[in-house]
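Raw contents of data.txt, compact mmCIF, C-alpha atoms:
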# COMPACT_ATOMS: atom_id res chain seq x y z
CA MET A 244 -87.92 -119.65 49.39
CA THR A 245 -88.73 -119.14 53.09
CA ARG A 246 -85.58 -117.12 53.77
CA ALA A 247 -86.17 -114.95 50.74
CA ASN A 248 -89.74 -114.28 51.87
CA LYS A 249 -88.58 -113.18 55.30
CA ARG A 250 -85.90 -110.99 53.74
CA ILE A 251 -88.35 -109.17 51.50
CA LYS A 252 -91.10 -108.69 54.08
CA THR A 253 -88.95 -107.59 57.01
CA GLY A 254 -89.50 -103.93 56.18
CA VAL A 255 -93.18 -103.99 57.15
CA LEU A 256 -92.25 -104.88 60.73
CA PHE A 257 -90.43 -101.62 61.45
CA VAL A 258 -91.88 -98.95 63.71
CA LEU A 259 -89.94 -95.77 63.04
CA CYS A 260 -89.92 -92.52 65.01
CA PHE A 261 -87.75 -89.60 63.83
CA LEU A 262 -86.28 -87.02 66.16
CA ILE A 263 -84.60 -84.23 64.21
CA GLY A 264 -82.18 -81.90 65.93
CA LYS A 265 -82.00 -78.17 65.40
CA PRO A 266 -79.92 -77.18 62.36
CA ALA A 267 -76.43 -76.07 63.26
CA GLY A 268 -75.14 -72.66 62.33
CA ALA A 269 -72.01 -74.04 60.64
CA GLU A 270 -73.45 -77.34 59.51
CA LEU A 271 -71.20 -80.33 58.85
CA LYS A 272 -71.60 -81.28 55.19
CA ILE A 273 -69.70 -83.25 52.54
CA ASP A 274 -69.38 -81.80 49.04
CA ILE A 275 -69.46 -84.97 46.93
CA THR A 276 -69.29 -83.05 43.65
CA LYS A 277 -65.53 -82.72 44.04
CA ALA A 278 -63.24 -85.06 42.12
CA VAL A 279 -61.57 -86.26 45.33
CA VAL A 280 -63.20 -86.00 48.76
CA GLU A 281 -61.22 -86.12 52.00
CA PRO A 282 -63.02 -88.66 54.25
CA ILE A 283 -64.70 -87.14 57.31
CA PRO A 284 -63.26 -88.53 60.59
CA MET A 285 -66.11 -89.78 62.74
CA ALA A 286 -66.48 -91.67 66.00
CA ILE A 287 -68.83 -94.66 65.92
CA THR A 288 -69.39 -96.11 69.39
CA ASN A 289 -70.81 -99.52 70.21
CA PHE A 290 -74.50 -99.13 70.94
CA VAL A 291 -75.22 -99.83 74.61
CA GLY A 292 -77.81 -102.22 76.02
CA ALA A 293 -80.87 -101.88 78.26
CA ASN A 294 -78.88 -100.76 81.31
CA PHE A 295 -76.25 -98.91 79.26
CA GLY A 296 -73.92 -101.89 79.47
CA PRO A 297 -72.51 -104.04 76.63
CA SER A 298 -75.01 -105.21 73.99
CA LYS A 299 -74.37 -107.96 71.44
CA TYR A 300 -76.89 -106.35 69.10
CA GLY A 301 -75.33 -102.95 69.72
CA ILE A 302 -71.82 -104.14 68.91
CA ASP A 303 -72.97 -105.82 65.68
CA ILE A 304 -75.05 -102.83 64.57
CA ALA A 305 -72.15 -100.41 65.11
CA ARG A 306 -69.82 -102.74 63.18
CA VAL A 307 -72.11 -102.81 60.11
CA ILE A 308 -72.68 -99.02 60.22
CA LYS A 309 -68.93 -98.49 60.28
CA ALA A 310 -68.34 -100.90 57.37
CA ASP A 311 -71.08 -99.30 55.25
CA LEU A 312 -69.84 -95.74 55.75
CA GLU A 313 -66.16 -96.54 55.27
CA ARG A 314 -66.93 -98.50 52.10
CA SER A 315 -68.42 -95.32 50.59
CA GLY A 316 -64.98 -93.71 50.76
CA LEU A 317 -66.49 -90.56 52.30
CA PHE A 318 -66.00 -91.40 55.99
CA ARG A 319 -63.14 -92.60 58.18
CA ALA A 320 -63.95 -94.28 61.48
CA ILE A 321 -61.62 -93.32 64.35
CA ASP A 322 -60.06 -96.22 66.27
CA PRO A 323 -62.15 -96.79 69.44
CA LYS A 324 -58.92 -97.08 71.43
CA ALA A 325 -58.58 -93.31 71.04
CA PHE A 326 -61.99 -92.59 72.61
CA ILE A 327 -61.84 -90.55 75.82
CA GLN A 328 -65.54 -90.77 76.62
CA LYS A 329 -66.20 -94.51 76.30
CA THR A 330 -69.97 -94.75 76.93
CA HIS A 331 -72.75 -92.50 78.15
CA ASP A 332 -76.52 -92.26 78.48
CA ILE A 333 -77.96 -91.70 74.99
CA LYS A 334 -80.39 -89.15 76.46
CA SER A 335 -77.59 -86.89 77.69
CA LEU A 336 -75.31 -84.61 75.71
CA PRO A 337 -71.88 -86.00 74.69
CA ARG A 338 -68.77 -84.38 76.11
CA PHE A 339 -67.99 -82.62 72.85
CA GLY A 340 -64.57 -81.45 74.03
CA ASP A 341 -63.45 -85.06 74.46
CA TRP A 342 -64.46 -85.87 70.89
CA ARG A 343 -62.82 -82.76 69.45
CA LEU A 344 -59.54 -83.76 71.10
CA ILE A 345 -59.42 -86.89 68.92
CA ASN A 346 -60.40 -84.87 65.80
CA ALA A 347 -63.87 -86.40 65.43
CA GLN A 348 -66.13 -84.19 63.34
CA ALA A 349 -69.19 -86.41 63.75
CA LEU A 350 -70.32 -88.81 66.47
CA ILE A 351 -72.67 -91.78 66.14
CA HIS A 352 -73.96 -93.54 69.22
CA GLY A 353 -77.07 -95.39 70.28
CA ARG A 354 -78.81 -98.04 72.30
CA ALA A 355 -80.03 -101.52 71.24
CA HIS A 356 -81.98 -103.88 73.48
CA LEU A 357 -84.89 -106.32 73.55
CA ILE A 358 -88.17 -105.04 74.97
CA LEU A 359 -90.88 -107.00 76.82
CA ASP A 360 -92.69 -108.28 73.70
CA GLY A 361 -89.43 -109.72 72.33
CA ARG A 362 -88.84 -107.06 69.69
CA LEU A 363 -85.59 -105.19 69.20
CA ARG A 364 -85.60 -101.47 70.00
CA VAL A 365 -82.78 -99.37 68.58
CA GLU A 366 -82.20 -95.69 69.38
CA PHE A 367 -79.70 -93.71 67.33
CA ARG A 368 -78.11 -90.24 67.40
CA LEU A 369 -75.83 -88.42 64.95
CA TRP A 370 -74.02 -85.38 66.36
CA ASP A 371 -72.08 -82.56 64.72
CA VAL A 372 -69.15 -82.41 67.16
CA LEU A 373 -67.78 -79.03 66.06
CA ALA A 374 -71.15 -77.25 66.18
CA GLU A 375 -72.29 -79.30 69.22
CA GLN A 376 -75.63 -80.01 67.55
CA GLN A 377 -77.73 -83.12 67.04
CA MET A 378 -78.13 -83.69 63.29
CA VAL A 379 -80.54 -86.62 63.12
CA ALA A 380 -81.97 -89.23 65.49
CA PHE A 381 -84.63 -91.89 65.45
CA VAL A 382 -85.99 -94.98 67.18
CA LEU A 383 -86.56 -98.27 65.34
CA THR A 384 -88.53 -101.23 66.66
CA THR A 385 -88.41 -104.51 64.73
CA VAL A 386 -87.86 -108.27 65.00
CA PRO A 387 -84.39 -109.18 66.37
CA SER A 388 -83.41 -110.97 63.15
CA ALA A 389 -83.65 -107.66 61.27
CA TRP A 390 -80.81 -106.04 63.23
CA ARG A 391 -78.63 -105.90 60.13
CA ARG A 392 -81.25 -103.95 58.17
CA VAL A 393 -81.45 -101.51 61.08
CA ALA A 394 -77.71 -100.89 60.71
CA HIS A 395 -78.06 -100.28 56.96
CA ILE A 396 -80.99 -97.88 57.52
CA ILE A 397 -78.93 -95.91 60.06
CA ALA A 398 -75.96 -95.77 57.67
CA ASP A 399 -78.30 -94.49 54.93
CA ALA A 400 -79.63 -91.80 57.28
CA VAL A 401 -76.10 -90.65 58.13
CA TYR A 402 -75.07 -90.65 54.47
CA LYS A 403 -78.12 -88.60 53.46
CA ARG A 404 -77.74 -86.10 56.29
CA LEU A 405 -74.08 -85.46 55.56
CA THR A 406 -74.14 -85.55 51.74
CA GLY A 407 -77.67 -84.39 50.91
CA GLU A 408 -78.23 -87.47 48.72
CA GLU A 409 -79.92 -90.81 49.32
CA GLY A 410 -77.79 -93.62 50.69
CA TYR A 411 -77.54 -97.05 49.10
CA PHE A 412 -76.74 -99.42 51.95
CA ASP A 413 -80.22 -100.89 52.52
CA THR A 414 -80.14 -102.62 49.12
CA ARG A 415 -79.51 -106.02 47.60
CA ILE A 416 -77.57 -107.47 44.70
CA VAL A 417 -78.73 -110.27 42.40
CA TYR A 418 -75.92 -111.86 40.40
CA VAL A 419 -74.70 -115.02 38.66
CA ALA A 420 -72.70 -117.32 40.96
CA GLU A 421 -70.13 -119.32 38.99
CA GLN A 422 -68.26 -122.51 39.82
CA GLY A 423 -66.12 -125.08 38.04
CA PRO A 424 -63.62 -125.04 35.14
CA GLN A 425 -64.20 -122.52 32.37
CA ASN A 426 -65.26 -125.19 29.86
CA ARG A 427 -67.82 -126.72 32.27
CA ARG A 428 -69.00 -123.68 34.19
CA VAL A 429 -72.02 -124.04 36.50
CA LYS A 430 -73.96 -120.78 36.82
CA ARG A 431 -76.67 -120.11 39.41
CA LEU A 432 -78.72 -117.09 40.34
CA ALA A 433 -77.89 -115.70 43.78
CA VAL A 434 -79.01 -112.74 45.88
CA MET A 435 -77.37 -110.98 48.82
CA ASP A 436 -77.19 -107.68 50.68
CA GLN A 437 -75.01 -105.04 49.02
CA ASP A 438 -72.22 -105.86 51.48
CA GLY A 439 -72.31 -109.61 50.73
CA ALA A 440 -74.31 -110.66 53.80
CA ASN A 441 -77.52 -112.75 53.83
CA HIS A 442 -76.41 -114.71 50.79
CA LEU A 443 -78.94 -117.02 49.13
CA PHE A 444 -78.82 -119.18 45.97
CA LEU A 445 -82.01 -118.89 43.91
CA THR A 446 -81.41 -121.65 41.33
CA GLN A 447 -79.65 -125.01 41.42
CA GLY A 448 -77.39 -124.61 38.42
CA LYS A 449 -79.06 -127.16 36.17
CA SER A 450 -79.43 -124.54 33.43
CA LEU A 451 -77.15 -121.69 32.38
CA VAL A 452 -78.42 -118.29 33.60
CA LEU A 453 -77.30 -114.79 32.63
CA THR A 454 -78.10 -111.06 33.09
CA PRO A 455 -80.51 -111.02 36.07
CA ARG A 456 -82.25 -107.68 36.73
CA PHE A 457 -84.45 -106.46 39.59
CA SER A 458 -87.93 -105.05 39.10
CA PRO A 459 -88.57 -101.63 40.68
CA THR A 460 -90.54 -103.40 43.43
CA GLN A 461 -87.68 -105.88 44.12
CA GLN A 462 -90.21 -108.73 44.26
CA GLU A 463 -89.35 -109.98 40.78
CA ILE A 464 -86.27 -110.47 38.67
CA THR A 465 -85.96 -111.01 34.94
CA PHE A 466 -83.08 -113.04 33.52
CA LEU A 467 -81.90 -115.14 30.59
CA SER A 468 -81.96 -118.93 31.02
CA TYR A 469 -80.88 -121.75 28.73
CA TYR A 470 -83.40 -124.15 30.22
CA GLY A 471 -83.80 -127.04 27.79
CA ARG A 472 -80.84 -125.54 25.91
CA VAL A 473 -83.14 -122.86 24.50
CA PRO A 474 -82.23 -119.28 25.49
CA ARG A 475 -85.29 -117.40 26.71
CA VAL A 476 -86.13 -114.51 29.02
CA TYR A 477 -87.77 -115.55 32.30
CA LEU A 478 -89.56 -113.75 35.10
CA LYS A 479 -89.05 -115.01 38.67
CA ASN A 480 -91.12 -113.98 41.68
CA LEU A 481 -88.87 -113.85 44.77
CA ASP A 482 -91.87 -114.10 47.11
CA THR A 483 -93.23 -117.35 45.70
CA GLY A 484 -90.30 -118.74 43.70
CA ARG A 485 -92.56 -119.05 40.66
CA GLU A 486 -90.91 -118.74 37.23
CA GLU A 487 -92.49 -118.05 33.86
CA ILE A 488 -91.28 -117.49 30.32
CA LEU A 489 -91.81 -114.01 28.98
CA GLY A 490 -93.21 -115.19 25.67
CA ASP A 491 -92.23 -118.33 23.79
CA PHE A 492 -90.73 -116.61 20.77
CA ARG A 493 -89.31 -118.32 17.71
CA GLY A 494 -86.00 -116.55 18.08
CA MET A 495 -83.50 -116.15 20.92
CA THR A 496 -84.38 -113.51 23.51
CA PHE A 497 -81.72 -111.95 25.73
CA ALA A 498 -80.51 -108.82 27.62
CA PRO A 499 -83.81 -108.18 29.47
CA ARG A 500 -84.37 -105.15 31.68
CA PHE A 501 -87.44 -103.71 33.44
CA SER A 502 -88.80 -100.30 32.54
CA PRO A 503 -88.56 -97.75 35.39
CA ASP A 504 -92.30 -98.06 36.10
CA GLY A 505 -92.06 -101.88 36.21
CA LYS A 506 -94.87 -102.34 33.71
CA SER A 507 -92.72 -103.51 30.79
CA VAL A 508 -89.59 -105.49 30.01
CA ILE A 509 -87.32 -104.36 27.20
CA MET A 510 -85.09 -106.96 25.57
CA SER A 511 -83.26 -108.07 22.46
CA MET A 512 -84.61 -110.76 20.19
CA ALA A 513 -82.62 -112.52 17.47
CA LYS A 514 -84.58 -114.17 14.69
CA ASP A 515 -84.05 -114.62 10.97
CA GLY A 516 -80.37 -113.88 11.55
CA ASN A 517 -80.96 -110.39 12.94
CA SER A 518 -81.05 -108.93 16.46
CA GLU A 519 -83.54 -106.18 17.24
CA ILE A 520 -84.94 -104.48 20.36
CA TYR A 521 -88.46 -105.24 21.55
CA VAL A 522 -90.57 -104.18 24.51
CA MET A 523 -93.22 -106.34 26.20
CA LYS A 524 -96.11 -104.97 28.25
CA LEU A 525 -96.31 -107.33 31.25
CA SER A 526 -100.06 -107.00 31.88
CA THR A 527 -101.03 -108.13 28.36
CA ARG A 528 -97.80 -109.75 27.05
CA GLU A 529 -98.15 -107.48 24.04
CA VAL A 530 -94.80 -107.21 22.20
CA ARG A 531 -93.73 -104.20 20.17
CA ARG A 532 -90.65 -103.94 17.96
CA LEU A 533 -88.60 -100.77 18.47
CA THR A 534 -85.65 -101.09 16.06
CA ASN A 535 -85.57 -102.22 12.44
CA HIS A 536 -82.05 -102.39 11.10
CA SER A 537 -79.78 -104.99 9.50
CA ALA A 538 -77.21 -104.42 12.28
CA ILE A 539 -77.09 -106.07 15.72
CA ASP A 540 -79.10 -103.93 18.18
CA THR A 541 -78.93 -105.06 21.81
CA SER A 542 -78.45 -104.17 25.52
CA PRO A 543 -81.27 -101.62 25.84
CA SER A 544 -81.69 -99.49 28.97
CA TYR A 545 -84.36 -96.87 29.70
CA SER A 546 -83.70 -93.37 30.97
CA PRO A 547 -85.23 -92.79 34.44
CA ASP A 548 -88.11 -90.76 32.95
CA GLN A 549 -88.73 -93.62 30.49
CA LYS A 550 -88.67 -91.21 27.53
CA GLN A 551 -85.42 -92.47 25.97
CA ILE A 552 -83.52 -95.73 25.50
CA VAL A 553 -79.78 -96.24 25.21
CA PHE A 554 -78.54 -99.36 23.41
CA ASN A 555 -75.51 -100.60 21.53
CA SER A 556 -75.40 -101.38 17.84
CA ASP A 557 -72.83 -102.15 15.15
CA ARG A 558 -74.78 -100.25 12.50
CA GLY A 559 -71.80 -97.92 12.17
CA GLY A 560 -69.38 -100.78 11.47
CA LYS A 561 -68.45 -101.73 15.05
CA PRO A 562 -70.32 -101.63 18.39
CA HIS A 563 -71.15 -98.12 19.59
CA LEU A 564 -73.76 -96.51 21.81
CA TYR A 565 -76.98 -95.06 20.44
CA VAL A 566 -79.93 -93.27 22.02
CA MET A 567 -83.49 -93.32 20.68
CA SER A 568 -86.92 -92.16 21.82
CA ALA A 569 -88.99 -94.69 23.76
CA ASN A 570 -91.05 -95.35 20.61
CA GLY A 571 -87.93 -96.34 18.64
CA LYS A 572 -87.65 -93.13 16.66
CA LYS A 573 -84.99 -90.38 16.53
CA VAL A 574 -82.01 -92.77 16.73
CA ARG A 575 -78.70 -90.98 17.22
CA ARG A 576 -75.18 -92.19 17.89
CA ILE A 577 -73.51 -90.83 21.05
CA SER A 578 -70.12 -92.63 21.30
CA TYR A 579 -67.30 -91.74 18.94
CA GLY A 580 -64.16 -92.77 20.83
CA LYS A 581 -61.71 -95.47 19.81
CA GLY A 582 -62.65 -99.05 20.67
CA ARG A 583 -65.90 -101.00 20.97
CA TYR A 584 -68.67 -99.81 23.27
CA ASN A 585 -71.14 -102.20 24.93
CA THR A 586 -73.62 -102.84 27.78
CA PRO A 587 -74.82 -99.27 28.39
CA VAL A 588 -76.99 -98.56 31.43
CA TRP A 589 -78.61 -95.24 32.28
CA SER A 590 -77.93 -93.77 35.73
CA PRO A 591 -80.94 -93.59 38.11
CA ARG A 592 -80.19 -89.86 38.35
CA GLY A 593 -80.42 -89.53 34.57
CA ASP A 594 -77.21 -87.51 34.37
CA VAL A 595 -74.80 -90.06 32.87
CA ILE A 596 -74.70 -93.41 31.08
CA ALA A 597 -72.31 -96.17 32.17
CA PHE A 598 -70.78 -98.55 29.62
CA THR A 599 -68.02 -101.04 28.95
CA LYS A 600 -65.40 -100.44 26.31
CA SER A 601 -62.73 -102.68 24.78
CA TYR A 602 -59.62 -101.19 23.22
CA ARG A 603 -56.17 -102.63 22.51
CA GLY A 604 -56.63 -105.79 24.54
CA LEU A 605 -58.13 -104.18 27.65
CA PHE A 606 -61.64 -103.60 28.91
CA TYR A 607 -62.81 -100.40 30.60
CA ILE A 608 -65.72 -99.26 32.76
CA GLY A 609 -66.69 -95.72 31.88
CA VAL A 610 -69.40 -93.07 31.93
CA MET A 611 -70.49 -90.33 29.54
CA TYR A 612 -73.26 -87.76 29.36
CA PRO A 613 -76.39 -88.71 27.40
CA ASP A 614 -75.27 -86.51 24.50
CA GLY A 615 -71.97 -88.45 24.28
CA SER A 616 -69.76 -85.74 25.80
CA GLY A 617 -67.62 -85.98 28.92
CA GLU A 618 -66.43 -89.58 28.51
CA ARG A 619 -64.48 -90.74 31.59
CA LEU A 620 -62.94 -94.17 32.19
CA LEU A 621 -63.18 -95.32 35.82
CA ASP A 622 -61.44 -98.71 35.78
CA LYS A 623 -59.69 -101.14 33.44
CA ASP A 624 -58.46 -104.74 33.42
CA PHE A 625 -58.13 -107.87 31.32
CA LEU A 626 -61.95 -108.08 31.51
CA VAL A 627 -64.35 -105.76 33.31
CA GLU A 628 -68.00 -106.00 32.35
CA ALA A 629 -71.71 -105.57 33.25
CA PRO A 630 -71.90 -102.23 35.09
CA THR A 631 -74.91 -101.69 37.36
CA TRP A 632 -75.84 -98.56 39.31
CA ALA A 633 -76.47 -98.07 43.00
CA PRO A 634 -79.91 -96.46 43.38
CA ASN A 635 -78.40 -93.05 44.18
CA GLY A 636 -76.38 -93.00 40.95
CA ARG A 637 -73.03 -92.41 42.70
CA VAL A 638 -71.54 -95.93 42.68
CA LEU A 639 -71.19 -98.63 40.03
CA MET A 640 -70.79 -102.36 40.55
CA PHE A 641 -69.35 -104.67 37.88
CA PHE A 642 -67.43 -107.92 37.57
CA ARG A 643 -63.72 -108.39 36.94
CA GLN A 644 -62.27 -111.57 35.46
CA GLY A 645 -58.61 -112.55 35.43
CA ARG A 646 -56.76 -114.35 32.67
CA THR A 647 -57.27 -118.09 32.29
CA ARG A 648 -54.13 -120.25 32.18
CA ALA A 649 -53.44 -122.77 29.44
CA ASP A 650 -54.51 -125.64 31.71
CA GLY A 651 -57.91 -124.01 32.31
CA THR A 652 -57.19 -122.77 35.83
CA GLY A 653 -57.26 -119.17 36.92
CA GLY A 654 -59.72 -116.76 35.38
CA LYS A 655 -61.34 -115.93 38.70
CA THR A 656 -64.40 -113.71 38.46
CA ARG A 657 -65.17 -111.22 41.24
CA LEU A 658 -67.57 -108.36 41.93
CA TRP A 659 -66.15 -104.86 42.39
CA SER A 660 -67.54 -101.40 42.96
CA VAL A 661 -66.21 -97.97 42.00
CA ASP A 662 -67.58 -94.49 42.63
CA LEU A 663 -67.82 -91.72 40.06
CA THR A 664 -64.42 -90.34 41.05
CA GLY A 665 -62.79 -93.60 39.96
CA GLU A 666 -60.76 -93.55 43.17
CA ASN A 667 -62.82 -95.64 45.60
CA LYS A 668 -62.59 -99.23 44.31
CA ARG A 669 -63.78 -102.10 46.51
CA GLU A 670 -64.18 -105.86 46.09
CA ILE A 671 -67.52 -107.33 47.19
CA VAL A 672 -66.72 -110.73 48.66
CA THR A 673 -68.89 -113.66 47.50
CA PRO A 674 -68.74 -117.37 48.44
CA ILE A 675 -67.71 -118.39 44.90
CA ASP A 676 -66.98 -116.62 41.62
CA ALA A 677 -69.53 -113.97 40.63
CA SER A 678 -70.60 -112.09 37.49
CA ASP A 679 -73.48 -110.10 35.98
CA PRO A 680 -74.47 -108.12 39.11
CA ALA A 681 -77.64 -106.04 39.30
CA TRP A 682 -78.31 -103.52 42.08
CA SER A 683 -81.76 -103.29 43.62
CA PRO A 684 -83.63 -100.08 44.43
CA LEU A 685 -83.65 -99.01 48.08
CA ASN A 686 -85.52 -101.34 50.46
CA ARG A 687 -88.31 -98.95 51.34

What would the structure in this file look like if it were written as structure tokens?
Amino acid sequence: MTRANKRIKTGVLFVLCFLIGKPAGAELKIDITKAVVEPIPMAITNFVGANFGPSKYGIDIARVIKADLERSGLFRAIDPKAFIQKTHDIKSLPRFGDWRLINAQALIHGRAHLILDGRLRVEFRLWDVLAEQQMVAFVLTTVPSAWRRVAHIIADAVYKRLTGEEGYFDTRIVYVAEQGPQNRRVKRLAVMDQDGANHLFLTQGKSLVLTPRFSPTQQEITFLSYYGRVPRVYLKNLDTGREEILGDFRGMTFAPRFSPDGKSVIMSMAKDGNSEIYVMKLSTREVRRLTNHSAIDTSPSYSPDQKQIVFNSDRGGKPHLYVMSANGKKVRRISYGKGRYNTPVWSPRGDVIAFTKSYRGLFYIGVMYPDGSGERLLDKDFLVEAPTWAPNGRVLMFFRQGRTRADGTGGKTRLWSVDLTGENKREIVTPIDASDPAWSPLNR
């Protein structure tokens, strides 16, 4: 777990100094509440080195910033071949006229070099080209191996400054890595950056694993494992690699998820032929039953304020979404559309609930308001499943599986993301097949 330890603890090595520019009179801003947003054209230059010459770190940092921002669908990077002003001293003003000529509305440039103690120093500036104003700037000092995190932090700063909302680039994804024919599938836990970099397998595939979920601190994950062919919910510490069973219950436990405060895990438990929802307090391992119904109740997810829980149940005849108070009372149905509704997950913003839906041979990823109104379907395919939210509540990740052929081939499983407009769909490349993704909170 050495690599995982380094990945988690890198953040404490940063020395950060912010330099905020004066607010512009006609400030550059993106209105992301619109159904379709025209991407802002921006110039992203390679960060220069110590003597304002080429810098390997600077080139790599600029490349990752560009990829992050373009992947959001809100920004369009201008081809560097069009740049008139190629490089300049970061401490001097850009030639704004040159950047306006190529229709750049924003400019990102910086400097990245090693200092005497061996650390990496990165300076960054974001400029509003039209208003000729600096929008945000800072200096980061860290270990050289953390250059990629620096790029994600800069991309988050740009995103926040231009949209008014938190970014989501300095985050990770835990998921189930799959390999082999469908009837002999090997499934391992894996973790990576949100863009697929820094990939690491967490388990060896000796036991089937499903539904991993991050804790709010990111140092732990909870997941379902069939170790010893007995399905149980486990807790894994990413710092130490230590695993423990969350209670050795008589029945099958599944669909675990942390509470927003990280003090509890909510899950489903099937015993005596019935599936109900339970919550466990992690400090005492005290378990409390929340539902009591003859139907199948599963897939619970807390609201961000931890006052409500959304789950799916077939108590109405087929699977639909229900919301109840955190104590299990005041249960009310919220989905009434055609089809079967499953795997609900509350947005970190609290404004909508994501879900999967199956209807007439297709699966859908959708969202609705907590009262059940405003249902919108964002994507569909032969199988799309397991939505998970970016920490800013603007983007969903899920997995898509193709059809399996009669000989057992095909059926590839891949991770995809889609924003709330339903327009910006992107594949997240993984080394092998991937399913059951879970997005981490921001690395802060």

Using all atoms listed in the file, find the one residue out of A:Glu487, A:Asp676, A:Asp504, A:Asp482 that sits nearest to Leu467 of chain A. A:Glu487

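Atom to atom, atom CA of Arg475 of chain A and atom CA of Ile488 of chain A stand 7.0 Å apart.
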
Extract, using only C-alpha atoms, all DNA, RNA and protein residues at most 7 Å from Ile283 of chain A, discarding same-chain residues fewer than 6 positions from it, and format them as a ChimeraX atom specification. /A:317-319,348

Identify, on the basis of only C-alpha atoms, every residue whose closest approach to segment 456-458 of chain A does not exceed 7 Å; exclude the query and any residue fewer than 3 positions from it along the same chain; express the result as a PyMOL selection string. chain A and resi 461-466+500-501+505+681+683

Just want the 6 Å neighbourhood of segment 367-373 of chain A, counted on only C-alpha atoms, with same-chain residues fewer than 3 positions away dropped. Output as a ChimeraX atom specification. /A:339,348-353,376-381

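If you measure from each of A:Pro284, A:Pro387, A:Pro455, A:Pro591 to Pro684 of chain A using only C-alpha atoms, the closest one turns out to be A:Pro591.
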
Of the candidates A:Val417, A:Met640, A:Met435, A:Ile509, which one gets nearest to Glu670 of chain A if we count all atoms listed in the file?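 Looking at the shortest contact to Glu670 of chain A, the residue is A:Met640.
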
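Of note, atom CA of Asp413 of chain A and atom CA of Arg354 of chain A are spaced 20.0 Å apart.
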
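Here atom CA of Asn535 of chain A and atom CA of Gly571 of chain A stand 8.9 Å from one another.
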
Ser526 of chain A environment, 12 Å, only C-alpha atoms, sequence neighbours closer than 4 positions dropped, as JSON, numbers by chain: {"A": [489, 505, 506, 507, 508, 530]}

Neighbour list for segment 555-562 of chain A as a VMD selection string, cut-off 8 Å, all atoms listed in the file, skip fewer than 3 positions in-chain: chain A and resid 536 to 543 565 583 to 587

Since the input is missing atoms for segment 503-514 of chain A, could you rebuild it with N, CA and C atoms and give the result as a compact mmCIF listing (two decimals), in the coordinates of the input?
# COMPACT_ATOMS: atom_id res chain seq x y z
N PRO A 503 -88.56 -98.39 34.07
CA PRO A 503 -88.56 -97.75 35.39
C PRO A 503 -89.89 -97.87 36.14
N ASP A 504 -91.01 -97.92 35.42
CA ASP A 504 -92.30 -98.06 36.10
C ASP A 504 -92.66 -99.52 36.38
N GLY A 505 -91.83 -100.46 35.94
CA GLY A 505 -92.06 -101.88 36.21
C GLY A 505 -93.16 -102.53 35.40
N LYS A 506 -93.74 -101.80 34.47
CA LYS A 506 -94.87 -102.34 33.71
C LYS A 506 -94.45 -103.06 32.43
N SER A 507 -93.19 -102.91 32.04
CA SER A 507 -92.72 -103.51 30.79
C SER A 507 -91.33 -104.09 30.99
N VAL A 508 -90.96 -104.98 30.08
CA VAL A 508 -89.59 -105.49 30.01
C VAL A 508 -89.09 -105.24 28.59
N ILE A 509 -87.95 -104.59 28.49
CA ILE A 509 -87.32 -104.36 27.20
C ILE A 509 -86.21 -105.39 27.02
N MET A 510 -86.03 -105.87 25.79
CA MET A 510 -85.09 -106.96 25.57
C MET A 510 -84.65 -106.98 24.11
N SER A 511 -83.67 -107.82 23.83
CA SER A 511 -83.26 -108.07 22.46
C SER A 511 -83.83 -109.41 22.02
N MET A 512 -84.13 -109.50 20.75
CA MET A 512 -84.61 -110.76 20.19
C MET A 512 -83.90 -110.99 18.86
N ALA A 513 -83.31 -112.18 18.71
CA ALA A 513 -82.62 -112.52 17.47
C ALA A 513 -83.44 -113.56 16.72
N LYS A 514 -83.89 -113.21 15.55
CA LYS A 514 -84.58 -114.17 14.69
C LYS A 514 -84.31 -113.81 13.24
